[in-house]
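Notes follow the structure.
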Amino acid sequence: MKYFDAHTHVNFVAYADDREQVIRRANDAEVGMNVVGTQYQTSGDAVALAERYDNVWATVGLHPIHTTKSYHDEKELGEGGKEFTSRGEVFDIEKYRVLAESKNVIAIGECGLDYYRIDESTKDTQMQAFVGHIELANALQKPLMLHIRNAYDDALEILRAHAKVRGDVHFFAGDWATAKKFLDLGFTLSFTGVITFTHDYDEIVKNAPLDMLLSETDAPYVTPAPHRGKRNEPMYVEYVVRKIAEIRGEDFEKVRAQIMANTRRVFGIS
């Protein structure tokens, strides 16, 4: 592997027609990937893919928006799944433990807090599920894959109180002051194709230690330039790595190699 997509969703319905081709294209481009679950079904699908393909690993967990009635994303669940998003899922630590014990599972998540599009009454439910994920990660000594949106302060408080492992803050979208708090806790920050078409995160990319950065696509979302408007896929993670090097003003090969080393360290990939 020359590149690693630390957070992708090729387990989603968006890839139903060509999932194998997408994974093969990534493999041909020397790209490994971490396929991330968002609920029990997609977590199981991620594990199945990781057990089938040599360039695929999995992360299992319950996305915070799916702990209660949630927004229905057809790219994730297809035209069906309405019943699921109307009621959500209760995080069952024992069910997820069975999935997580697979040698192909490298992290627990995506878990955390998402205060976008939610009712205030759902925050406690999200927090309980988040603590459950942390307890599972602690027990299995696997890193956390964090999804945090509009909730960085609350997430930091929970991590300080409960987490005995570290991990990655997926799709980091906070400011530099917030980034430093996660870095101080030992969490890496991963960036997506968004950095190829906005300068909003340049300060963080420039200032964060290079050994604390990861690359991701969050495919099928946020396709990097020059492919904007098309469905995203893991092979495009190279554009993210190249942009990180450009923003930092550092040698591309140095940045590529360090991000790959970071990936191996964080996720324990040999």
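Chain labels run A, B, ... following the order of the structure tokens; each chain numbers its residues from 1, and ligands are numbered from 1 in the order shown.
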Q | strand (DSSP E) residues, from DSSP on the backbone, in segment 138-252 of chain A, as a PyMOL selection string | A | chain A and resi 144-149+167-169+188-191+213-215
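By chain and then residue number, the residues within 8 Å of Val47 of chain A are Trp57, Ala58, Thr59, Val60, Leu99, Ser102, Asn104 and Val105 of chain A, counting only C-alpha atoms and disregarding those fewer than 6 positions away in sequence.
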I'd like a table as a Markdown table: residues in segment 66-178 of chain A with an atom no more than 10 Å from segment 33-41 of chain A, each row giving the shortest atom pair and its distance in Å to one decimal, only C-alpha atoms counted, sorted by chain and rising residue number.
```
| residue | atom | partner | partner_atom | distance |
| --- | --- | --- | --- | --- |
| A:His66 | CA | A:Gln39 | CA | 7.0 |
| A:Thr67 | CA | A:Gln39 | CA | 8.8 |
| A:Glu76 | CA | A:Thr38 | CA | 8.8 |
| A:Leu77 | CA | A:Gln41 | CA | 9.7 |
| A:Phe84 | CA | A:Gln39 | CA | 9.9 |
| A:Gly88 | CA | A:Gln39 | CA | 9.1 |
| A:Glu89 | CA | A:Gln39 | CA | 7.5 |
| A:Val90 | CA | A:Gln39 | CA | 9.6 |
| A:Phe91 | CA | A:Gln39 | CA | 8.7 |
| A:Asp92 | CA | A:Tyr40 | CA | 9.1 |
| A:Lys95 | CA | A:Tyr40 | CA | 8.3 |
| A:Tyr96 | CA | A:Tyr40 | CA | 7.4 |
| A:Leu99 | CA | A:Tyr40 | CA | 9.1 |
| A:Asn104 | CA | A:Asn34 | CA | 9.7 |
| A:Val105 | CA | A:Asn34 | CA | 8.8 |
| A:Ile106 | CA | A:Asn34 | CA | 8.0 |
| A:Ala107 | CA | A:Val36 | CA | 8.8 |
| A:Ile108 | CA | A:Val36 | CA | 8.9 |
| A:Gly109 | CA | A:Gly37 | CA | 6.9 |
| A:Glu110 | CA | A:Thr38 | CA | 6.2 |
| A:Cys111 | CA | A:Thr38 | CA | 8.2 |
| A:Met145 | CA | A:Val36 | CA | 8.6 |
```
Using C-alpha atoms, can you write the selected residues to a file as a tab-separated table (two decimals), in the first residue's frame?
```tsv
chain	number	residue	atom	x	y	z
A	66	HIS	CA	-28.82	6.55	14.18
A	67	THR	CA	-29.36	6.21	17.93
A	76	GLU	CA	-26.43	4.81	2.83
A	77	LEU	CA	-29.61	2.74	3.12
A	84	PHE	CA	-34.98	2.02	10.65
A	88	GLY	CA	-33.14	4.32	15.25
A	89	GLU	CA	-31.11	1.59	16.96
A	90	VAL	CA	-30.19	0.90	20.57
A	91	PHE	CA	-26.45	0.27	20.90
A	92	ASP	CA	-26.04	-3.37	21.97
A	95	LYS	CA	-23.72	-7.70	19.46
A	96	TYR	CA	-21.03	-5.26	18.38
A	99	LEU	CA	-18.29	-8.19	15.17
A	104	ASN	CA	-10.06	-7.60	10.39
A	105	VAL	CA	-11.70	-4.96	12.61
A	106	ILE	CA	-9.22	-2.18	13.34
A	107	ALA	CA	-11.38	0.36	15.20
A	108	ILE	CA	-14.68	1.00	16.98
A	109	GLY	CA	-17.06	3.53	15.43
A	110	GLU	CA	-18.01	5.67	13.80
A	111	CYS	CA	-19.18	6.85	17.17
A	145	MET	CA	-13.17	6.25	15.05
```
Selection near Glu233 of chain A, 12 Å with only C-alpha atoms, sequence-local residues under 3 positions removed, as a short mmCIF file (atom, residue, chain, number, x, y, z; two decimals) with C-alpha atoms, in the first residue's frame:
```
data_model
loop_
_atom_site.label_atom_id
_atom_site.label_comp_id
_atom_site.auth_asym_id
_atom_site.auth_seq_id
_atom_site.Cartn_x
_atom_site.Cartn_y
_atom_site.Cartn_z
CA ASP A 5 -8.36 5.72 3.05
CA HIS A 7 -12.69 6.26 6.53
CA THR A 8 -14.85 5.13 3.66
CA HIS A 9 -18.30 3.60 3.15
CA VAL A 10 -18.10 1.22 0.20
CA ASN A 11 -20.50 -0.91 2.28
CA PHE A 12 -23.28 1.58 1.47
CA ALA A 14 -24.35 3.73 -3.29
CA TYR A 15 -21.94 0.97 -4.40
CA ASP A 18 -20.08 -1.90 -8.75
CA ARG A 19 -18.68 -2.46 -5.26
CA GLU A 20 -16.14 -5.06 -6.35
CA GLN A 21 -14.86 -2.86 -9.18
CA VAL A 22 -14.45 0.08 -6.79
CA ILE A 23 -12.40 -2.03 -4.39
CA ARG A 24 -10.34 -3.47 -7.24
CA ARG A 25 -9.61 0.00 -8.63
CA ALA A 26 -8.34 1.04 -5.22
CA ASN A 27 -6.17 -2.05 -5.01
CA ALA A 29 -3.91 2.20 -7.24
CA VAL A 31 -4.84 2.07 -1.83
CA GLY A 32 -5.91 0.28 1.34
CA MET A 33 -9.16 1.23 3.01
CA VAL A 35 -14.70 0.48 5.63
CA THR A 192 -11.20 14.54 3.31
CA GLY A 193 -11.44 15.89 -0.22
CA GLU A 216 -9.66 9.74 4.13
CA THR A 217 -12.39 10.12 1.51
CA ASP A 218 -15.63 9.58 3.49
CA ALA A 219 -16.82 8.14 0.17
CA PRO A 220 -19.39 8.31 -1.34
CA TYR A 221 -19.44 11.90 -0.05
CA VAL A 222 -17.25 15.03 -0.55
CA THR A 223 -15.49 14.02 -3.76
CA PRO A 224 -12.18 15.88 -4.16
CA HIS A 227 -13.76 14.87 -9.66
CA ARG A 228 -16.36 16.99 -7.89
CA LYS A 230 -19.13 12.48 -9.27
CA TYR A 236 -9.28 9.32 -4.87
CA VAL A 237 -7.57 9.51 -1.47
CA GLU A 238 -4.33 10.29 -3.32
CA TYR A 239 -5.72 13.76 -4.07
#
```
Within 12 Å of Tyr116 of chain A using only C-alpha atoms, minus same-chain residues under 6 positions, as a PDB file with C-alpha atoms, in the first residue's frame:
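The resulting out00.pdb:
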```
ATOM      1  CA  PRO A  64     -24.725   8.942  16.650  1.00  0.00           C
ATOM      2  CA  ILE A  65     -27.526  10.126  14.368  1.00  0.00           C
ATOM      3  CA  SER A  70     -32.774  10.213  11.993  1.00  0.00           C
ATOM      4  CA  TYR A  71     -32.317  11.754   8.584  1.00  0.00           C
ATOM      5  CA  THR A 122     -31.711  13.027  21.936  1.00  0.00           C
ATOM      6  CA  LYS A 123     -28.393  14.227  23.361  1.00  0.00           C
ATOM      7  CA  HIS A 147     -17.709  11.295  14.360  1.00  0.00           C
ATOM      8  CA  ILE A 148     -18.234  14.672  16.015  1.00  0.00           C
ATOM      9  CA  ARG A 149     -20.376  17.449  14.595  1.00  0.00           C
ATOM     10  CA  ASN A 150     -21.205  20.659  16.436  1.00  0.00           C
ATOM     11  CA  ALA A 151     -20.327  18.871  19.690  1.00  0.00           C
TER      12      ALA A 151
END
```
Q: For each of A:Ile204, A:Leu210, A:Ile269, A:Leu183, take the minimum atom-to-atom distance to Asp251 of chain A, counting only C-alpha atoms, then give the residue where this is smallest.
A: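 Nearest to Asp251 of chain A: A:Leu210.
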Q: Pick out the residues sitting within 6 Å of segment 127-131 of chain A, and hand them over as a list in words; count only C-alpha atoms, and ignore anything fewer than 2 positions along from it in its own chain.
A: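 Result of the neighbour search: Phe91, Cys111, Gly112, Asp124, Thr125, His133 and Ile134 of chain A.
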With N, CA and C atoms retained, export the selected residues as a PDB file, in the first residue's frame.
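Produced file selection17.pdb, reproduced below:
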```pdb
ATOM      1  N   PHE A  91     -27.787   0.852  20.985  1.00  0.00           N
ATOM      2  CA  PHE A  91     -26.454   0.267  20.904  1.00  0.00           C
ATOM      3  C   PHE A  91     -26.364  -0.940  21.829  1.00  0.00           C
ATOM      4  N   CYS A 111     -18.402   6.540  15.973  1.00  0.00           N
ATOM      5  CA  CYS A 111     -19.176   6.847  17.168  1.00  0.00           C
ATOM      6  C   CYS A 111     -18.838   8.258  17.624  1.00  0.00           C
ATOM      7  N   GLY A 112     -19.703   8.798  18.462  1.00  0.00           N
ATOM      8  CA  GLY A 112     -19.449  10.146  18.962  1.00  0.00           C
ATOM      9  C   GLY A 112     -20.733  10.895  19.210  1.00  0.00           C
ATOM     10  N   ASP A 124     -28.836  12.934  25.374  1.00  0.00           N
ATOM     11  CA  ASP A 124     -28.510  11.934  26.397  1.00  0.00           C
ATOM     12  C   ASP A 124     -28.372  10.544  25.780  1.00  0.00           C
ATOM     13  N   THR A 125     -29.228  10.228  24.817  1.00  0.00           N
ATOM     14  CA  THR A 125     -29.157   8.924  24.155  1.00  0.00           C
ATOM     15  C   THR A 125     -27.849   8.786  23.390  1.00  0.00           C
ATOM     16  N   HIS A 133     -19.574   2.690  23.258  1.00  0.00           N
ATOM     17  CA  HIS A 133     -18.524   2.438  22.269  1.00  0.00           C
ATOM     18  C   HIS A 133     -17.137   2.543  22.910  1.00  0.00           C
ATOM     19  N   ILE A 134     -16.958   3.554  23.742  1.00  0.00           N
ATOM     20  CA  ILE A 134     -15.660   3.738  24.405  1.00  0.00           C
ATOM     21  C   ILE A 134     -15.344   2.545  25.299  1.00  0.00           C
TER      22      ILE A 134
END
```
Q.
Quick check, in Å to one decimal: how far apart do atom CA of Glu246 of chain A and atom CA of His199 of chain A lie?
A.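 So the answer is 11.9 Å.
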